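What follows is my_file.txt (compact mmCIF, C-alpha atoms).
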```txt
# COMPACT_ATOMS: atom_id res chain seq x y z
CA MET A 1334 145.57 88.07 -75.20
CA SER A 1335 145.72 86.86 -78.79
CA GLN A 1336 145.25 83.13 -78.97
CA GLN A 1337 147.65 81.54 -81.41
CA SER A 1338 145.91 80.88 -84.68
CA ASN A 1339 148.66 78.91 -86.44
CA TRP A 1340 146.76 78.91 -89.68
CA PRO A 1341 148.95 77.50 -92.43
CA LEU A 1342 150.68 79.79 -94.90
CA TRP A 1343 149.61 79.60 -98.54
CA GLU A 1344 151.42 80.90 -101.62
CA VAL A 1345 149.21 82.65 -104.16
CA PHE A 1346 149.68 82.45 -107.94
CA VAL A 1347 147.68 84.67 -110.27
CA ARG A 1348 147.07 84.24 -114.01
CA SER A 1349 146.61 87.80 -115.16
CA SER A 1350 144.97 86.91 -118.46
CA ARG A 1351 144.29 83.92 -120.66
CA GLY A 1352 147.38 82.67 -122.43
CA LEU A 1353 149.79 83.68 -119.64
CA SER A 1354 151.28 81.59 -116.86
CA HIS A 1355 150.27 81.85 -113.22
CA VAL A 1356 152.78 84.10 -111.47
CA HIS A 1357 153.57 84.21 -107.77
CA ALA A 1358 151.82 87.19 -106.18
CA GLY A 1359 152.46 86.72 -102.46
CA SER A 1360 151.22 84.69 -99.55
CA LEU A 1361 148.51 84.63 -96.92
CA HIS A 1362 147.27 82.66 -93.93
CA ALA A 1363 144.03 80.72 -94.07
CA PRO A 1364 142.58 77.76 -92.17
CA ASP A 1365 141.69 75.66 -95.24
CA GLN A 1366 141.84 75.51 -99.04
CA GLN A 1367 138.51 77.19 -99.70
CA MET A 1368 139.24 80.09 -97.37
CA ALA A 1369 142.72 80.40 -98.85
CA LEU A 1370 141.23 80.73 -102.31
CA ARG A 1371 138.63 83.29 -101.22
CA ASN A 1372 141.15 85.31 -99.26
CA ALA A 1373 143.49 85.22 -102.24
CA ARG A 1374 140.74 86.63 -104.42
CA ASP A 1375 140.02 89.43 -101.94
CA LEU A 1376 143.67 90.20 -101.32
CA TYR A 1377 145.33 89.84 -104.72
CA THR A 1378 142.62 90.54 -107.30
CA ARG A 1379 140.76 93.65 -106.10
CA ARG A 1380 141.37 95.36 -109.44
CA ASN A 1381 140.82 92.62 -112.03
CA GLU A 1382 144.41 91.45 -111.72
CA GLY A 1383 143.50 87.89 -112.50
CA VAL A 1384 141.30 85.41 -114.34
CA SER A 1385 142.55 82.38 -112.43
CA LEU A 1386 144.12 81.68 -109.04
CA TRP A 1387 146.22 78.91 -107.53
CA VAL A 1388 146.87 78.57 -103.83
CA VAL A 1389 149.51 76.14 -102.62
CA LYS A 1390 150.44 75.36 -99.05
CA SER A 1391 153.88 76.88 -98.54
CA SER A 1392 155.04 73.76 -96.73
CA ASP A 1393 154.35 71.70 -99.87
CA ILE A 1394 156.82 73.68 -101.97
CA ILE A 1395 160.24 72.13 -102.47
CA SER A 1396 162.89 74.71 -103.26
CA SER A 1397 166.54 74.72 -104.18
CA ASP A 1398 169.06 75.77 -101.59
CA PRO A 1399 170.51 79.25 -102.25
CA GLY A 1400 173.79 78.08 -100.66
CA GLU A 1401 174.15 75.43 -103.35
CA LYS A 1402 173.53 77.94 -106.10
CA ASP A 1403 176.84 77.49 -107.86
CA SER A 1404 176.97 73.72 -108.00
CA PHE A 1405 173.24 73.24 -108.57
CA PHE A 1406 173.03 75.50 -111.61
CA GLU A 1407 176.50 74.83 -112.96
CA SER A 1408 175.74 72.45 -115.83
CA PRO A 1409 174.71 75.00 -118.54
CA GLN A 1410 177.99 76.87 -118.07
CA GLY A 1411 180.48 76.30 -120.83
CA LYS A 1412 177.70 75.09 -123.08
CA ASP A 1413 177.31 78.21 -125.19
CA TYR A 1414 176.52 75.98 -128.12
CA ARG A 1415 173.01 75.70 -126.71
CA HIS A 1416 172.42 79.30 -127.80
CA ALA A 1417 171.90 80.41 -131.38
CA THR A 1418 174.44 83.22 -130.87
CA TYR A 1419 177.23 80.59 -130.65
CA TYR A 1420 176.99 79.95 -134.38
CA LYS A 1421 178.86 82.78 -136.12
CA ALA A 1422 179.71 81.34 -139.50
CA SER A 1423 176.12 81.52 -140.69
CA GLU A 1424 175.69 85.18 -139.67
CA GLY A 1425 174.06 87.25 -142.39
CA VAL A 1426 172.26 84.32 -143.98
CA LYS A 1427 168.63 85.32 -144.35
CA HIS A 1428 165.80 83.66 -142.46
CA LEU A 1429 168.23 81.55 -140.41
CA MET S 347 181.61 102.89 -102.98
CA ALA S 348 182.76 99.85 -101.03
CA PRO S 349 180.10 98.10 -98.96
CA THR S 350 180.08 99.56 -95.50
CA THR S 351 178.26 96.71 -93.80
CA PRO S 352 179.84 96.27 -90.39
CA GLN S 353 180.85 92.79 -89.33
CA GLU S 354 178.18 91.23 -87.15
CA PRO S 355 179.44 89.76 -83.94
CA GLY S 356 178.91 85.99 -84.18
CA LEU S 357 179.04 83.57 -81.28
CA SER S 358 182.77 83.94 -81.14
CA ALA S 359 184.57 87.24 -81.49
CA VAL S 360 186.48 85.99 -84.52
CA PRO S 361 184.20 85.20 -87.45
CA SER S 362 184.61 81.75 -88.89
CA TYR S 363 185.71 81.21 -92.48
CA GLU S 364 182.12 80.36 -93.41
CA GLU S 365 180.77 83.51 -91.78
CA GLU S 366 183.30 85.57 -93.67
CA GLN S 367 182.32 83.92 -96.93
CA SER S 368 178.62 84.51 -96.25
CA GLN S 369 179.23 88.13 -95.34
CA ALA S 370 181.25 88.62 -98.52
CA ARG S 371 178.43 87.15 -100.63
CA PHE S 372 175.91 89.40 -98.90
CA ASP S 373 178.11 92.49 -99.38
CA ALA S 374 178.49 91.64 -103.06
CA LEU S 375 174.71 91.39 -103.54
CA ILE S 376 174.21 94.81 -101.94
CA ASP S 377 177.11 96.28 -103.87
CA GLN S 378 175.74 95.04 -107.21
CA ASP S 379 172.32 96.48 -106.45
CA SER S 380 170.98 92.96 -106.55
CA ARG S 381 168.35 91.64 -104.11
CA VAL S 382 168.59 89.61 -100.95
CA GLU S 383 166.02 86.80 -100.81
CA PRO S 384 164.55 85.07 -97.74
CA ARG S 385 166.76 81.99 -97.70
CA ASP S 386 170.02 83.89 -98.27
CA TRP S 387 172.41 84.42 -95.40
CA MET S 388 172.08 87.96 -94.03
CA PRO S 389 173.61 89.80 -91.06
CA GLU S 390 171.47 89.49 -87.95
CA LYS S 391 171.17 93.27 -87.70
CA TYR S 392 169.92 93.54 -91.27
CA ARG S 393 167.27 90.93 -90.50
CA LYS S 394 166.22 92.73 -87.31
CA THR S 395 166.13 96.16 -88.91
CA LEU S 396 163.94 94.89 -91.75
CA SER S 397 161.73 92.87 -89.49
CA ARG S 398 161.07 95.96 -87.38
CA GLN S 399 160.63 98.32 -90.32
CA ILE S 400 158.32 96.09 -92.38
CA SER S 401 156.17 95.13 -89.41
CA GLN S 402 155.87 98.76 -88.27
CA HIS S 403 154.81 99.57 -91.78
CA ALA S 404 152.22 96.78 -91.70
CA HIS S 405 150.92 97.92 -88.31
CA SER S 406 150.60 101.47 -89.68
CA GLU S 407 148.40 100.23 -92.51
CA ILE S 408 146.19 98.28 -90.10
CA ILE S 409 145.85 101.13 -87.58
CA GLY S 410 145.54 103.54 -90.52
CA MET S 411 142.21 101.96 -91.42
CA GLN S 412 140.60 103.48 -88.33
CA PRO S 413 140.48 107.25 -88.91
CA GLU S 414 138.83 106.67 -92.29
CA ALA S 415 136.64 103.72 -91.37
CA ASN S 416 135.05 106.01 -88.78
CA TRP S 417 133.86 108.25 -91.61
CA ILE S 418 132.31 105.61 -93.87
CA THR S 419 128.85 105.97 -92.36
CA ARG S 420 129.06 109.76 -92.51
CA ALA S 421 130.47 110.15 -96.02
CA PRO S 422 128.27 112.64 -97.89
CA SER S 423 127.17 110.39 -100.76
CA LEU S 424 126.93 106.75 -101.76
CA LYS S 425 129.80 107.29 -104.19
CA ARG S 426 132.03 108.72 -101.45
CA LYS S 427 131.11 105.82 -99.16
CA SER S 428 132.07 103.28 -101.84
CA ILE S 429 135.36 105.06 -102.46
CA LEU S 430 136.18 105.24 -98.78
CA MET S 431 135.37 101.56 -98.30
CA ALA S 432 137.63 100.62 -101.21
CA LYS S 433 140.41 102.69 -99.67
CA VAL S 434 140.06 101.14 -96.23
CA GLN S 435 139.99 97.70 -97.85
CA ASP S 436 143.21 98.56 -99.71
CA GLU S 437 144.83 99.49 -96.42
CA ALA S 438 143.91 96.12 -94.94
CA GLY S 439 145.41 94.56 -98.07
CA HIS S 440 148.60 96.59 -97.76
CA GLY S 441 148.94 95.49 -94.15
CA LEU S 442 148.61 91.85 -95.22
CA TYR S 443 151.14 92.14 -98.10
CA LEU S 444 153.60 93.64 -95.66
CA TYR S 445 153.03 91.10 -92.87
CA SER S 446 153.68 88.36 -95.45
CA ALA S 447 156.94 90.02 -96.45
CA ALA S 448 157.91 90.47 -92.78
CA GLU S 449 157.19 86.83 -92.02
CA THR S 450 159.79 85.68 -94.54
CA LEU S 451 162.37 87.01 -92.05
CA GLY S 452 161.46 84.30 -89.55
CA THR S 453 159.02 86.00 -87.17
CA THR S 454 155.47 84.63 -87.23
CA ARG S 455 152.27 86.55 -87.91
CA ASP S 456 151.06 85.80 -84.40
CA GLU S 457 154.20 87.32 -82.92
CA TYR S 458 153.83 90.49 -84.99
CA ASN S 459 150.17 90.70 -84.07
CA GLU S 460 151.01 90.27 -80.41
CA GLN S 461 153.60 93.06 -80.63
CA LEU S 462 150.94 95.42 -81.97
CA LEU S 463 148.20 94.45 -79.52
CA SER S 464 150.48 94.61 -76.49
CA GLY S 465 151.54 98.13 -77.43
CA LYS S 466 155.17 97.06 -77.77
CA ALA S 467 155.34 97.78 -81.50
CA LYS S 468 155.33 101.26 -82.99
CA TYR S 469 153.33 102.46 -85.94
CA SER S 470 153.23 105.73 -87.88
CA SER S 471 152.50 108.55 -85.44
CA ILE S 472 150.21 110.27 -87.95
CA PHE S 473 147.36 107.89 -87.14
CA ASN S 474 147.28 109.09 -83.57
CA TYR S 475 145.73 112.35 -84.68
CA PRO S 476 141.93 112.38 -84.74
CA ALA S 477 139.98 112.89 -87.99
CA ARG S 478 137.48 115.54 -86.94
CA THR S 479 135.67 116.59 -90.10
CA TRP S 480 134.84 115.27 -93.56
CA ALA S 481 137.56 117.55 -94.92
CA ASP S 482 140.06 115.51 -92.90
CA MET S 483 139.36 112.62 -95.29
CA GLY S 484 140.61 114.94 -98.02
CA ALA S 485 143.66 116.14 -96.09
CA ILE S 486 144.59 112.59 -95.07
CA GLY S 487 144.38 111.39 -98.66
CA TRP S 488 146.28 114.32 -100.11
CA LEU S 489 148.91 114.96 -97.42
CA VAL S 490 149.22 111.74 -95.41
CA ASP S 491 148.97 109.36 -98.37
CA GLY S 492 151.02 111.81 -100.40
CA ALA S 493 153.84 111.70 -97.85
CA ALA S 494 153.49 107.93 -97.64
CA ILE S 495 153.88 107.64 -101.42
CA ALA S 496 156.97 109.86 -101.42
CA ASN S 497 158.40 107.54 -98.77
CA GLN S 498 157.29 104.33 -100.41
CA VAL S 499 158.21 104.74 -104.05
CA PRO S 500 161.97 104.40 -103.34
CA LEU S 501 161.21 101.39 -101.12
CA CYS S 502 160.14 99.50 -104.25
CA ARG S 503 163.89 99.19 -104.86
CA ALA S 504 164.73 98.09 -101.31
CA SER S 505 167.49 95.49 -101.21
CA TYR S 506 165.25 92.89 -99.56
CA GLY S 507 163.26 91.22 -102.35
CA PRO S 508 159.95 90.48 -100.60
CA TYR S 509 159.77 94.02 -99.20
CA GLY S 510 160.40 95.60 -102.60
CA ARG S 511 157.80 93.40 -104.27
CA ALA S 512 155.18 94.18 -101.62
CA MET S 513 155.90 97.88 -102.05
CA VAL S 514 155.42 97.71 -105.82
CA ARG S 515 151.92 96.38 -105.20
CA VAL S 516 151.23 98.98 -102.50
CA CYS S 517 152.44 101.91 -104.62
CA LYS S 518 150.28 100.88 -107.58
CA GLU S 519 147.20 101.08 -105.41
CA GLU S 520 148.20 104.09 -103.36
CA SER S 521 147.98 106.67 -106.12
CA PHE S 522 144.19 106.48 -106.18
CA HIS S 523 144.20 107.27 -102.47
CA GLN S 524 146.01 110.53 -102.91
CA ARG S 525 143.90 111.65 -105.85
CA GLN S 526 140.60 110.93 -104.15
CA GLY S 527 141.76 112.95 -101.14
CA PHE S 528 142.80 115.86 -103.31
CA GLU S 529 139.45 115.80 -105.05
CA ILE S 530 137.54 115.88 -101.77
CA LEU S 531 139.45 119.07 -100.92
CA LEU S 532 138.92 120.42 -104.42
CA SER S 533 135.14 119.95 -104.14
CA LEU S 534 135.10 121.66 -100.75
CA SER S 535 137.32 124.49 -101.96
CA ARG S 536 134.79 125.23 -104.71
CA GLY S 537 131.87 125.04 -102.28
CA THR S 538 130.41 127.43 -99.73
CA GLU S 539 132.49 129.63 -97.44
CA ALA S 540 131.96 127.16 -94.61
CA GLN S 541 133.14 124.24 -96.77
CA LYS S 542 136.20 126.17 -97.88
CA LYS S 543 136.98 126.97 -94.27
CA MET S 544 136.60 123.34 -93.32
CA ALA S 545 139.08 122.32 -96.03
CA GLN S 546 141.59 124.96 -94.94
CA ASP S 547 141.25 123.91 -91.32
CA ALA S 548 141.98 120.28 -92.19
CA ILE S 549 145.09 121.30 -94.15
CA ASN S 550 146.21 123.43 -91.22
CA ARG S 551 146.04 120.48 -88.86
CA PHE S 552 147.63 117.85 -91.12
CA TYR S 553 150.42 119.89 -92.73
CA GLU S 554 152.98 119.68 -89.96
CA PRO S 555 152.29 116.05 -88.92
CA SER S 556 152.58 115.00 -92.57
CA LEU S 557 156.02 116.66 -92.90
CA MET S 558 157.09 114.81 -89.77
CA MET S 559 156.11 111.47 -91.34
CA PHE S 560 159.56 111.40 -92.99
CA GLY S 561 161.17 111.11 -89.57
CA PRO S 562 163.66 113.31 -87.71
CA PRO S 563 166.18 115.52 -89.55
CA ASP S 564 169.16 113.63 -90.97
CA ASP S 565 171.57 114.76 -88.27
CA GLN S 566 169.23 113.30 -85.62
CA SER S 567 168.47 110.05 -87.36
CA PRO S 568 171.33 107.68 -86.48
CA ASN S 569 169.80 104.54 -88.02
CA SER S 570 169.24 106.10 -91.42
CA GLN S 571 172.85 105.83 -92.49
CA GLN S 572 173.03 102.10 -91.91
CA SER S 573 169.72 101.60 -93.72
CA MET S 574 171.06 103.56 -96.67
CA ALA S 575 174.32 101.57 -96.71
CA TRP S 576 172.19 98.41 -96.84
CA LYS S 577 170.09 99.99 -99.61
CA ILE S 578 166.87 99.50 -97.68
CA LYS S 579 166.46 103.26 -97.70
CA ARG S 580 167.46 105.08 -100.88
CA PHE S 581 167.03 108.71 -99.84
CA SER S 582 167.48 110.46 -96.52
CA ASN S 583 164.57 111.76 -94.42
CA ASP S 584 165.35 115.37 -95.33
CA GLU S 585 165.71 114.62 -99.05
CA LEU S 586 162.27 113.01 -99.11
CA ARG S 587 160.74 115.80 -97.04
CA GLN S 588 162.16 118.36 -99.46
CA ARG S 589 160.71 116.53 -102.44
CA PHE S 590 157.30 116.29 -100.80
CA VAL S 591 157.04 119.88 -99.60
CA GLY S 592 158.00 121.07 -103.08
CA MET S 593 155.14 119.11 -104.59
CA ILE S 594 152.44 120.20 -102.18
CA ALA S 595 153.54 123.84 -102.35
CA GLU S 596 152.47 123.75 -106.00
CA GLN S 597 149.41 121.54 -105.58
CA VAL S 598 147.86 123.74 -102.89
CA LYS S 599 147.58 126.53 -105.45
CA VAL S 600 145.18 124.44 -107.52
CA LEU S 601 143.00 124.19 -104.43
CA GLY S 602 143.07 127.95 -103.96
CA LEU S 603 143.99 127.29 -100.33
CA THR S 604 147.22 127.82 -98.40
CA LEU S 605 149.73 125.83 -96.39
CA PRO S 606 149.96 127.04 -92.77
CA ASP S 607 153.60 128.02 -93.23
CA PRO S 608 154.12 131.68 -94.18
CA GLN S 609 157.89 131.30 -94.32
CA LEU S 610 157.78 128.40 -96.79
CA HIS S 611 159.89 129.29 -99.84
CA PHE S 612 162.50 127.90 -102.18
CA ASP S 613 165.96 129.18 -101.39
CA GLU S 614 167.62 129.57 -104.80
CA GLU S 615 171.10 129.75 -103.32
CA LYS S 616 170.86 126.69 -101.11
CA LYS S 617 168.66 124.98 -103.70
CA GLN S 618 166.27 123.81 -101.02
CA TRP S 619 162.88 124.47 -99.53
CA ILE S 620 162.85 126.37 -96.27
CA HIS S 621 159.89 125.42 -94.12
CA LYS S 622 158.87 126.19 -90.57
CA ASP S 623 160.60 124.46 -87.68
CA LEU S 624 158.75 121.27 -86.92
CA ASN S 625 157.74 120.36 -83.41
CA TRP S 626 159.88 117.28 -82.81
CA ASP S 627 159.06 117.20 -79.10
CA GLU S 628 155.45 116.60 -80.06
CA PHE S 629 156.52 113.97 -82.60
CA MET S 630 158.48 112.06 -79.96
CA ALA S 631 155.63 112.35 -77.46
CA VAL S 632 153.14 110.94 -79.98
CA ILE S 633 155.48 108.07 -80.87
CA LYS S 634 155.89 107.27 -77.18
CA GLY S 635 152.13 106.88 -76.89
CA ASN S 636 151.01 110.31 -75.72
CA GLY S 637 149.31 111.49 -78.90
CA PRO S 638 145.67 112.59 -78.96
CA ALA S 639 144.37 109.20 -80.11
CA ASN S 640 147.00 106.55 -79.23
CA ALA S 641 144.96 104.84 -76.52
CA GLN S 642 141.78 104.93 -78.58
CA ARG S 643 143.43 103.42 -81.68
CA LEU S 644 145.04 100.59 -79.77
CA GLU S 645 141.90 99.81 -77.80
CA ARG S 646 139.86 99.69 -81.00
CA ARG S 647 142.38 97.28 -82.51
CA ARG S 648 142.22 95.01 -79.44
CA GLU S 649 138.45 95.14 -79.45
CA ALA S 650 138.30 94.14 -83.14
CA HIS S 651 140.68 91.27 -82.43
CA ARG S 652 138.58 90.09 -79.45
CA GLU S 653 135.35 90.36 -81.37
CA GLY S 654 136.81 88.38 -84.26
CA ALA S 655 137.87 85.51 -82.00
CA TRP S 656 134.73 83.42 -82.59
CA VAL S 657 135.14 83.75 -86.35
CA ARG S 658 138.72 82.50 -86.18
CA GLU S 659 137.71 79.67 -83.88
CA ALA S 660 134.82 78.63 -86.12
CA ALA S 661 137.03 78.69 -89.22
CA ALA S 662 139.69 76.61 -87.48
CA ALA S 663 137.07 74.11 -86.22
CA TYR S 664 135.61 73.79 -89.72
CA ALA S 665 139.04 73.26 -91.23
CA ALA S 666 139.78 70.56 -88.66
CA LYS S 667 136.45 68.83 -89.39
CA GLN S 668 137.14 68.93 -93.14
CA ALA S 669 140.59 67.45 -92.60
CA ARG S 670 139.10 64.61 -90.51
CA SER S 671 136.47 63.73 -93.08
CA GLU S 672 139.15 63.67 -95.77
CA VAL S 673 141.11 61.09 -93.81
CA ALA S 674 138.00 58.99 -93.12
```

Render the structure in this file as C-alpha cells.
Amino acid sequence: MSQQSNWPLWEVFVRSSRGLSHVHAGSLHAPDQQMALRNARDLYTRRNEGVSLWVVKSSDIISSDPGEKDSFFESPQGKDYRHATYYKASEGVKHL
Amino acid sequence: MAPTTPQEPGLSAVPSYEEEQSQARFDALIDQDSRVEPRDWMPEKYRKTLSRQISQHAHSEIIGMQPEANWITRAPSLKRKSILMAKVQDEAGHGLYLYSAAETLGTTRDEYNEQLLSGKAKYSSIFNYPARTWADMGAIGWLVDGAAIANQVPLCRASYGPYGRAMVRVCKEESFHQRQGFEILLSLSRGTEAQKKMAQDAINRFYEPSLMMFGPPDDQSPNSQQSMAWKIKRFSNDELRQRFVGMIAEQVKVLGLTLPDPQLHFDEEKKQWIHKDLNWDEFMAVIKGNGPANAQRLERRREAHREGAWVREAAAAYAAKQARSEVA
C-alpha cells in the first residue's frame, strides 16, 4: 500500500552559533537539496539550535572503516613528543 | 561483571576465528561502557532487538500525535492551540530522529513505514486509549509524557550510539511536554467544580495505563535481562515504575487531586511503593490490537499516508526534473 519513495538520505550539520563549527545533528530523507535544507530546518532547529545548516547526501560521505581502526590510526602512537606534556625538564618555568 | 552476551549462531555451528574476534571486540565495548556505532560488527540478535525497539519507539511517536492533534481545534485559547501544535510537531520530530537512528541498523524507512501501516509493528499501547476531554490533554502530558521521560532518560546512555544521541535530543524537548500537561491540570484544578471533576476524571483514566507503560513486571519480562546485559536498558521495568509512581504521588498533591489508588503507599520496610494490581490482561489485549482505539489510530495513519501520496509524487517529480536540467 505504501509506494516506495526511495528519497535519498541526507546528513544534517548545524552551526549552533557564530564562531563554532557545524556539528552533525542527524539525518533525514528528502527528494532534493532544497527540500533537504527546509526539512533540516524544521526538524533540527525548532528551538533556535542553529544559525547555519549544511545538508550532505549520505552517499557522498567517505568514511574510515571501523575494522581498520588499529592500523589506520596507529601513526600517532609512540609519538608522545608531539604533546607538550612530554617535555618534563622545563616544568616549573613560568609562561612556558 | 563479565559480559553475558550469548554467542550468536553463525552459518556454521562453530564460530570462525574472525567471528570470535568480532564478538570479543563487541563484548569489550559493552563491558567498558563504550558505544557501538553503525558500522561496527554486532551480534545479529542485538541488531534485531534494537531495530525492533527503536522503530516501535518511532511508531509510538507518530501514532502519539493523533490523540492530541484531535484537540488542536478545540483547545480553549489561541495560546493553548499554539502550545499543542508545537507539542504535536515535536512528536513528529521525535519519530523522525528515531527512524533515522533505526535506519542505521540496515532496515530502510520504507520497510519500517510498511510495518506500521500493515499493522505488523507494535507501538505503545497507551495511544490506543481515546482522549475524551480537554483535561485528557493535561493527563497525557503529565502522566503519559512523564512515564515516557522516566523511561527515556536512561536510554540516553544506551549502548547503541545513534539511539542514545536521538534520545538526548528527545529528552531535551520532552520536559516542556510534561510541564504543559501539568499546568493544564493545575488550571482546571483551580477552576469550577465541573473543571476540577474533569481533571480528576482524566487522571482516573490515565493513571493505570501510564503505570503499565513501563511494561510487564520483571519476572514476566524475559527480554529485559538480555537488554540490560547489552546495556540498551539500564533499569528494569519495575525499578522505573517505582521511580515514576513515587514522583507522581507527590506531584498530585500540588494539584489538590488524587490518584485512583487508595492502597498506594511507601512501604518503609521493603523500601518500595506498593500500588494497586495492574490489569495486565487488558494491557496484553490492547497490545494485540483490541484496545478502544487501535483500529481508529491505524486507519487514520493509513489515510494520512494515502492523502500525502500526491505530495510525495510531486516532490519526487520535481526533484527528477531538477536533476535533468542540471545534466542538460

So which residues touch Asp607 of chain S within 10 Å, counting all atoms listed in the file, skipping near sequence neighbours fewer than 4 positions away, as a ChimeraX atom specification?
/S:550,553-554,611,620-623

Identify all chain A residues at most 6 Å from chain S by counting all atoms listed in the file; ligands do not count. Present them as an MDAnalysis selection string.
chainID A and resid 1364:1365 1376

Enclosing box along x, y and z for every listed atom of segment 1402-1417 of chain A, padded 5 Å each side, centre and size in Å, one decimal, as lines of an AutoDock Vina configuration file:
```
center_x = 176.2
center_y = 76.4
center_z = -118.7
size_x = 18.6
size_y = 18.0
size_z = 35.3
```

Any idea what's packed within 8 Å of segment 1347-1357 of chain A, counting only C-alpha atoms, ignoring anything in its chain fewer than 5 positions away? Could you give it as a list in words?
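Non-adjacent residues within range: Tyr1377, Glu1382, Gly1383, Val1384, Ser1385, Leu1386 and Trp1387 of chain A.
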
To one decimal in Å, tell me the separation between atom CA of Leu586 of chain S and atom CA of Ala496 of chain S.
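Going from atom CA of Leu586 of chain S over to atom CA of Ala496 of chain S covers 6.6 Å.
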
Skipping near chain neighbours, those fewer than 4 positions away, what residues fall within 6 Å of segment 627-638 of chain S using all atoms listed in the file, listed as a list in words?
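Here the qualifying residues turn out to be Ser471, Asn474 and Tyr475 of chain S.
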
May I have the residues within 10 Å of Lys577 of chain S as an MDAnalysis selection string, using all atoms listed in the file and disregarding those fewer than 5 positions away in the same chain?
chainID S and resid 376:377 379:381 500:501 503:506 571:572

How would the residues just picked look written out with C-alpha atoms as a compact mmCIF listing (two decimals), in the coordinates of the input?
```txt
# COMPACT_ATOMS: atom_id res chain seq x y z
CA ILE S 376 174.21 94.81 -101.94
CA ASP S 377 177.11 96.28 -103.87
CA ASP S 379 172.32 96.48 -106.45
CA SER S 380 170.98 92.96 -106.55
CA ARG S 381 168.35 91.64 -104.11
CA PRO S 500 161.97 104.40 -103.34
CA LEU S 501 161.21 101.39 -101.12
CA ARG S 503 163.89 99.19 -104.86
CA ALA S 504 164.73 98.09 -101.31
CA SER S 505 167.49 95.49 -101.21
CA TYR S 506 165.25 92.89 -99.56
CA GLN S 571 172.85 105.83 -92.49
CA GLN S 572 173.03 102.10 -91.91
```

Would you list the contacts of segment 390-403 of chain S as a compact mmCIF listing (two decimals) with C-alpha atoms, in the frame of the given file, taking every protein, DNA or RNA residue within 8 Å and counting only C-alpha atoms, but skipping same-chain residues closer than 3 positions in sequence?
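Full text of out-v7.txt as output:
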```
# COMPACT_ATOMS: atom_id res chain seq x y z
CA GLU S 354 178.18 91.23 -87.15
CA SER S 406 150.60 101.47 -89.68
CA GLU S 407 148.40 100.23 -92.51
CA GLY S 441 148.94 95.49 -94.15
CA LEU S 444 153.60 93.64 -95.66
CA TYR S 445 153.03 91.10 -92.87
CA ALA S 447 156.94 90.02 -96.45
CA ALA S 448 157.91 90.47 -92.78
CA GLU S 449 157.19 86.83 -92.02
CA LEU S 451 162.37 87.01 -92.05
CA THR S 453 159.02 86.00 -87.17
CA TYR S 458 153.83 90.49 -84.99
CA ALA S 467 155.34 97.78 -81.50
CA LYS S 468 155.33 101.26 -82.99
CA TYR S 469 153.33 102.46 -85.94
CA SER S 470 153.23 105.73 -87.88
CA TYR S 509 159.77 94.02 -99.20
CA TRP S 576 172.19 98.41 -96.84
```

Counting all atoms listed in the file, which residues sit no farther than 9 Å from the position (148.1, 83.2, -102.9) in the file's frame? I'd like them as a list in words.
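In the file's frame, the residues around the point are Trp1343, Glu1344, Val1345, Phe1346, Val1347, His1357, Ala1358, Gly1359, Ser1360, Leu1361, Ala1369, Leu1370, Asn1372, Ala1373, Arg1374, Leu1376, Tyr1377, Leu1386, Trp1387, Val1388 and Val1389 of chain A.
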
Find, counting all atoms listed in the file, the residue in S:Pro361, S:Gly452, S:Gly537, S:Gly465 that gets nearest to Glu645 of chain S.
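Of the candidates, the smallest distance to Glu645 of chain S is held by S:Gly465.
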